[in-house]
Each structure stands twice: as C-alpha cells, then as structure tokens.
Amino acid sequence: MDFSFNEEQQLLQETARRYALTRLAPEMPRWQTESFAPEILKELGDLGVLGMRIPTEYGGSEASYVTMGIAAEELARGDFNVSYFLQLSAISAKLLTNADEQIKQQWLPAIAAGQSTVAFALTEPSVGSDAANLSCTARKDGSDWVINGEKSSITFGGSAQGCVVFCRTGGPGARGISMVFVPLDLPGVSRTKYSSAGGHLSERGSLFFDDVRVPADHQIGEEGTGFIGAMEAFDFNRAIIALAAIGTASQSLDETIEYTKQRETFGKPLATREGVAFQIAEHLALLHATRLLSYEVLARADAGLPHTAEAAMCKWLGPKQSVEAIHACLLLHGWTGYGTDLPFVQRLNDVIGLEIGDGTPEIMKAIIAREAFGRGFNSYK
Ligand SMILES: Cc1cc2nc3c(=O)[nH]c(=O)nc-3n(C[C@H](O)[C@H](O)[C@H](O)COP(=O)(O)OP(=O)(O)OC[C@H]3O[C@@H](n4cnc5c(N)ncnc54)[C@H](O)[C@@H]3O)c2cc1C
C-alpha cells in the first residue's frame, strides 16, 4: 500500500492551500451577501481545478479522482463552499460524457474555464431521498423533448447557465427516468433563490420548467438510464464532499491549536489542559481516519473498482466528523468563537448543508446496509 502523493500532487496541495488561505479565506465573509465574483471563478479555472475531470480535448486536464480530492480538501481550508464549483464541474463532466458532441464542445470548455456552471436537478418538492419516484416529465413532441415540472434545492439553481434535468420519460420507478440537458435561458424556465444558513456561494434554489422545449439530441445517454447516471455521479462525489468537509475542519483545528497555545486561563495555556488537548487529539484522529477512507474511495474510483459502500461511509462520516470538530473549535474559542468575526459559525452552517445534500446520513447507512445484507433486505423500499 502506498499512502503518498506524487510530486505533482504535492505541488498542487501546496499551491491550493496557499491560494485558499491567502485569497479565498479573506473573501469568504463577502459571499454571505454577494454573488461570487466572476474573477475568482475565472481564477479557479486558471488554477485548473474546474477542469480536472474534463477530457483534455475539451479544455480540461483529466486528472485522477485522487488529485481532485486533494484540490477539494485544500481549497475548503479557505472556503468550504468553493468545493461546490469543483463538485458540479466534475459531475457535469461525468454526465455529459454521453451527451451530443455539440453540447460537449459548447459547455465543457466553458465549465473548465470558470465561465459557465451546470446544475444537477434531481430533487423535487415531494421527492428527495426517494428520488426514483420523481414526477418532472419530458414528453416527445415531433423532434423535441417538452419538459414540465419543478426541481428543488438545486445547487447553483439561482445562477447556473445549464442544467442536467432528471425527467420521467417512461413508466414508474428508476427505469423510467432519463437525463435531458437544458440551457437555462430558454423560454419557460424560471427560478427562485433560497435563503439558507450557509452555503451561500452555491446559490441553491428551485428551477421551474413550463413547456420547455429542447431538441431530441439534448437527451443524454440512452432513454431510461438517467437514474443510473445520477447514482454513478454520486459515488465519487461523496468522497469529494467528505474531503472538503475534512479540509474545513482541519483548518479549524489548526487555528484552534494555535489559539489554545496562546490563550491562558488560571495562569496556564489552554493547550496544557488534557480536557482541551485530548478533545483536539480525538478530532484529529477521527478526521484522519475518514480522510484515508475518502482517498481510498477515490483511488478505487481511479482503478475502476467498486466503491459504493465506502463512498456512503465517507459521505456519512466526513461531514459528521467535520461538524463535530468545528463545533468543538468554536467552543474552545469561548465567546469570540460564537461571533461572526471568526469563521467557525459560518463553517458549521456551511458543512451542515452537505450532511443533507447528496444524501442524508440515514440514506448513507441504508446504502451501507444494502451492500452488506444484500438487496433483498433493502431498508428504503
Ligand atoms: C446544501 C444542499 C445542496 C443540495 N444540492 C442539490 C442538487 O444540486 N441537486 C439536487 O437534485 N438536490 C440537491 N439537494 C437536495 C438533497 O439531495 C436532498 O435534500 C436530500 O436527498 C434529502 O431529500 P429531502 O430533503 O427531500 O429529505 P427527505 O427525503 O424528505 O428526508 C427527510 C428526513 O427523513 C430521513 N429519511 C428519509 N427516508 C428515510 C428512510 N427510509 N429511513 C430513515 N430515514 C429516512 C432523511 O434522512 C432525512 O433526515 C441539496 C440539498 C442541500 C441541503
């Protein structure tokens, strides 16, 4: 077993961490009230982190999943929410693999360069965990698809230029679902943006499709394969989410270690108290274990090995351990930790969002159990 990163990955780790701490972290408070500055998105494109899963002929670098994990972990030290851009660029790259050539040529280079974002629209007002029961429809009319329905809680719903929409094109259940690519400036598309406790950069919102017409070649892959496409994208992305959560928590722990060395109570630094240092030691150990699991998932994805159960494990553990670690860091900073001048409250609110997004803890455990017990004992049917 080799746990080391190669030279190129180490360089990426250093560069991304430096960029995160010097450029992203100071700007983070701005995005609580403003939309993300296009120049920073472009910088991320120039850094190469938005094209990591995009083929070279479309402007990407086709980096490994492990390499992408390093970028997500390090950038999240500066701002957890920047990882949404990485996640959605990689998910789009994966889903658009089977798209029409013209769509790939138009959209993939723009995603890699930070000029466009493409959303992933599965969830609806009445289905989230049980997304296979979705009801948004795509109906054939001549040589077009006509789409009707509402998608909710969509990352970049408020800002994306394009969207992969999961639609019912056949009978009930997962096999009746297909993927259709929809540019979001078409007639019949409307949207709302949510107010959330965190994750502001992701401009989460609802998308409404009212007789939206796209040519038949905007269908992605075979009819009826949409749900499989969604599940395949989820698997690797669960490890990316875990690593971003771990990056944010690791930064919080680093800051807290420094703070507790300086801050004295009862005449001694906080760091000398076992009640303080052992808390930090426990979080370091739990985060490290989850970090290794996450990189194992990505290494398995790179090697083409099955990783569904492991991906669900790290998607459950990563945000959970992160939330618990950041919460401890907030408390160890006393009253200052609860203020908005320090980043802990915001980091906590940000990571909680991805305890839910991409699958809740209960659904992750249901997947782990399904893989262990067999599909006959499925707990979510
Ligand atoms: C920050 C964020 C970003 C998101 N981004 C996207 C996106 O880009 N695209 C997209 O399509 N969706 C997105 N979502 C939606 C997300 O995928 C859903 O919120 C999630 O799948 C859960 O669905 P739900 O909210 O409808 O909860 P529900 O499915 O209604 O579940 C509610 C609660 O019940 C529990 N539960 C449900 N079923 C069971 C069961 N069988 N056994 C035990 N417990 C159960 C769940 O764990 C949860 O705690 C995002 C959500 C968030 C918060």
# chains A, B, ... in the order shown; residues from 1 in each chain; ligands from 1
>>> select_by_dssp(residues="region 50-261 of chain A", states="helix (DSSP H, G or I)", output="PyMOL selection string")
chain A and resi 56-58+65-78+80-98+101-112+131-133+174-176+200-202+216-218+226-261
>>> residues_near_ligand(ligand="ligand 1", cutoff="8 Å", atoms="only C-alpha atoms and all ligand atoms", output="PyMOL selection string")
chain A and resi 88+119-131+151-157+199+202+204+350+352-363+366+379-381
>>> closest_atom_pairs(of="region 53-97 of chain A", to="region 162-172 of chain A", cutoff="9 Å", atoms="only C-alpha atoms", output="tab-separated table")
residue	atom	partner	partner_atom	distance
A:Ser92	CA	A:Val164	CA	7.8
A:Leu95	CA	A:Val164	CA	8.0
A:Leu96	CA	A:Val164	CA	8.6
>>> residues_around(residues="Cys314 (chain A)", least_positions_apart="2", cutoff="10 Å", atoms="only C-alpha atoms", output="PyMOL selection string")
chain A and resi 238-243+289-297+309-312+316-321+364
>>> write_last_selection(atoms="N, CA and C atoms", output="mmCIF file, in the first residue's frame")
data_model
loop_
_atom_site.group_PDB
_atom_site.id
_atom_site.type_symbol
_atom_site.label_atom_id
_atom_site.label_comp_id
_atom_site.auth_asym_id
_atom_site.auth_seq_id
_atom_site.Cartn_x
_atom_site.Cartn_y
_atom_site.Cartn_z
ATOM 1 N N ARG A 238 -19.261 11.747 -3.306
ATOM 2 C CA ARG A 238 -19.405 11.608 -1.844
ATOM 3 C C ARG A 238 -18.045 11.713 -1.160
ATOM 4 N N ALA A 239 -17.017 11.190 -1.798
ATOM 5 C CA ALA A 239 -15.672 11.304 -1.208
ATOM 6 C C ALA A 239 -15.149 12.737 -1.336
ATOM 7 N N ILE A 240 -15.518 13.414 -2.421
ATOM 8 C CA ILE A 240 -15.091 14.809 -2.601
ATOM 9 C C ILE A 240 -15.733 15.686 -1.510
ATOM 10 N N ILE A 241 -17.008 15.446 -1.244
ATOM 11 C CA ILE A 241 -17.695 16.195 -0.176
ATOM 12 C C ILE A 241 -17.010 15.927 1.162
ATOM 13 N N ALA A 242 -16.718 14.653 1.430
ATOM 14 C CA ALA A 242 -16.081 14.307 2.716
ATOM 15 C C ALA A 242 -14.745 15.038 2.847
ATOM 16 N N LEU A 243 -13.952 15.062 1.775
ATOM 17 C CA LEU A 243 -12.636 15.707 1.855
ATOM 18 C C LEU A 243 -12.761 17.222 2.028
ATOM 19 N N ALA A 289 -8.749 9.316 10.028
ATOM 20 C CA ALA A 289 -9.280 8.018 9.590
ATOM 21 C C ALA A 289 -10.265 8.214 8.431
ATOM 22 N N THR A 290 -11.113 9.217 8.539
ATOM 23 C CA THR A 290 -12.107 9.475 7.486
ATOM 24 C C THR A 290 -11.423 9.968 6.206
ATOM 25 N N ARG A 291 -10.375 10.727 6.402
ATOM 26 C CA ARG A 291 -9.611 11.235 5.256
ATOM 27 C C ARG A 291 -9.022 10.057 4.461
ATOM 28 N N LEU A 292 -8.423 9.090 5.174
ATOM 29 C CA LEU A 292 -7.847 7.926 4.491
ATOM 30 C C LEU A 292 -8.929 7.136 3.756
ATOM 31 N N LEU A 293 -10.081 6.986 4.402
ATOM 32 C CA LEU A 293 -11.196 6.274 3.760
ATOM 33 C C LEU A 293 -11.618 7.009 2.482
ATOM 34 N N SER A 294 -11.648 8.328 2.559
ATOM 35 C CA SER A 294 -12.083 9.113 1.388
ATOM 36 C C SER A 294 -11.103 8.949 0.230
ATOM 37 N N TYR A 295 -9.813 9.014 0.538
ATOM 38 C CA TYR A 295 -8.838 8.831 -0.548
ATOM 39 C C TYR A 295 -8.872 7.393 -1.068
ATOM 40 N N GLU A 296 -9.205 6.441 -0.200
ATOM 41 C CA GLU A 296 -9.334 5.059 -0.686
ATOM 42 C C GLU A 296 -10.476 4.977 -1.702
ATOM 43 N N VAL A 297 -11.594 5.646 -1.395
ATOM 44 C CA VAL A 297 -12.736 5.651 -2.333
ATOM 45 C C VAL A 297 -12.286 6.204 -3.680
ATOM 46 N N ALA A 309 -20.297 1.303 -1.261
ATOM 47 C CA ALA A 309 -20.462 1.243 0.195
ATOM 48 C C ALA A 309 -19.467 2.183 0.872
ATOM 49 N N GLU A 310 -18.216 2.158 0.407
ATOM 50 C CA GLU A 310 -17.179 3.006 1.020
ATOM 51 C C GLU A 310 -17.505 4.491 0.810
ATOM 52 N N ALA A 311 -18.064 4.802 -0.372
ATOM 53 C CA ALA A 311 -18.433 6.206 -0.643
ATOM 54 C C ALA A 311 -19.528 6.656 0.327
ATOM 55 N N ALA A 312 -20.489 5.763 0.587
ATOM 56 C CA ALA A 312 -21.556 6.113 1.542
ATOM 57 C C ALA A 312 -20.977 6.267 2.948
ATOM 58 N N TRP A 316 -21.175 9.819 5.011
ATOM 59 C CA TRP A 316 -21.776 9.940 6.354
ATOM 60 C C TRP A 316 -20.751 10.528 7.332
ATOM 61 N N LEU A 317 -19.546 9.925 7.335
ATOM 62 C CA LEU A 317 -18.570 10.297 8.365
ATOM 63 C C LEU A 317 -17.934 11.674 8.158
ATOM 64 N N GLY A 318 -17.620 12.025 6.905
ATOM 65 C CA GLY A 318 -16.860 13.262 6.661
ATOM 66 C C GLY A 318 -17.569 14.498 7.205
ATOM 67 N N PRO A 319 -18.794 14.785 6.726
ATOM 68 C CA PRO A 319 -19.489 15.973 7.253
ATOM 69 C C PRO A 319 -19.770 15.862 8.763
ATOM 70 N N LYS A 320 -20.086 14.651 9.236
ATOM 71 C CA LYS A 320 -20.391 14.467 10.677
ATOM 72 C C LYS A 320 -19.166 14.808 11.533
ATOM 73 N N GLN A 321 -18.022 14.214 11.199
ATOM 74 C CA GLN A 321 -16.809 14.473 11.993
ATOM 75 C C GLN A 321 -16.413 15.933 11.888
ATOM 76 N N MET A 364 -27.263 7.154 3.647
ATOM 77 C CA MET A 364 -25.913 6.565 3.539
ATOM 78 C C MET A 364 -25.858 5.238 4.294
#
>>> residues_around(residues="region 61-64 of chain A", least_positions_apart="3", cutoff="7 Å", atoms="only C-alpha atoms", output="PyMOL selection string")
chain A and resi 51-56+67-68+302
>>> residues_around(residues="region 268-274 of chain A", least_positions_apart="4", cutoff="10 Å", atoms="only C-alpha atoms", output="ChimeraX atom specification")
/A:256-264,278-281,332
>>> write_last_selection(atoms="C-alpha atoms", output="mmCIF file, in the first residue's frame")
data_model
loop_
_atom_site.group_PDB
_atom_site.id
_atom_site.type_symbol
_atom_site.label_atom_id
_atom_site.label_comp_id
_atom_site.auth_asym_id
_atom_site.auth_seq_id
_atom_site.Cartn_x
_atom_site.Cartn_y
_atom_site.Cartn_z
ATOM 1 C CA THR A 256 -7.561 26.229 17.499
ATOM 2 C CA ILE A 257 -4.238 24.572 18.287
ATOM 3 C CA GLU A 258 -2.519 27.952 17.818
ATOM 4 C CA TYR A 259 -5.189 29.769 19.826
ATOM 5 C CA THR A 260 -5.076 27.359 22.776
ATOM 6 C CA LYS A 261 -1.272 27.663 22.939
ATOM 7 C CA GLN A 262 -1.686 31.434 23.430
ATOM 8 C CA ARG A 263 -4.855 31.708 25.492
ATOM 9 C CA GLU A 264 -4.270 31.333 29.232
ATOM 10 C CA PHE A 278 -7.492 15.498 24.230
ATOM 11 C CA GLN A 279 -10.570 16.910 22.511
ATOM 12 C CA ILE A 280 -8.355 18.140 19.693
ATOM 13 C CA ALA A 281 -6.449 14.843 19.611
ATOM 14 C CA LEU A 332 -12.748 26.372 22.618
#
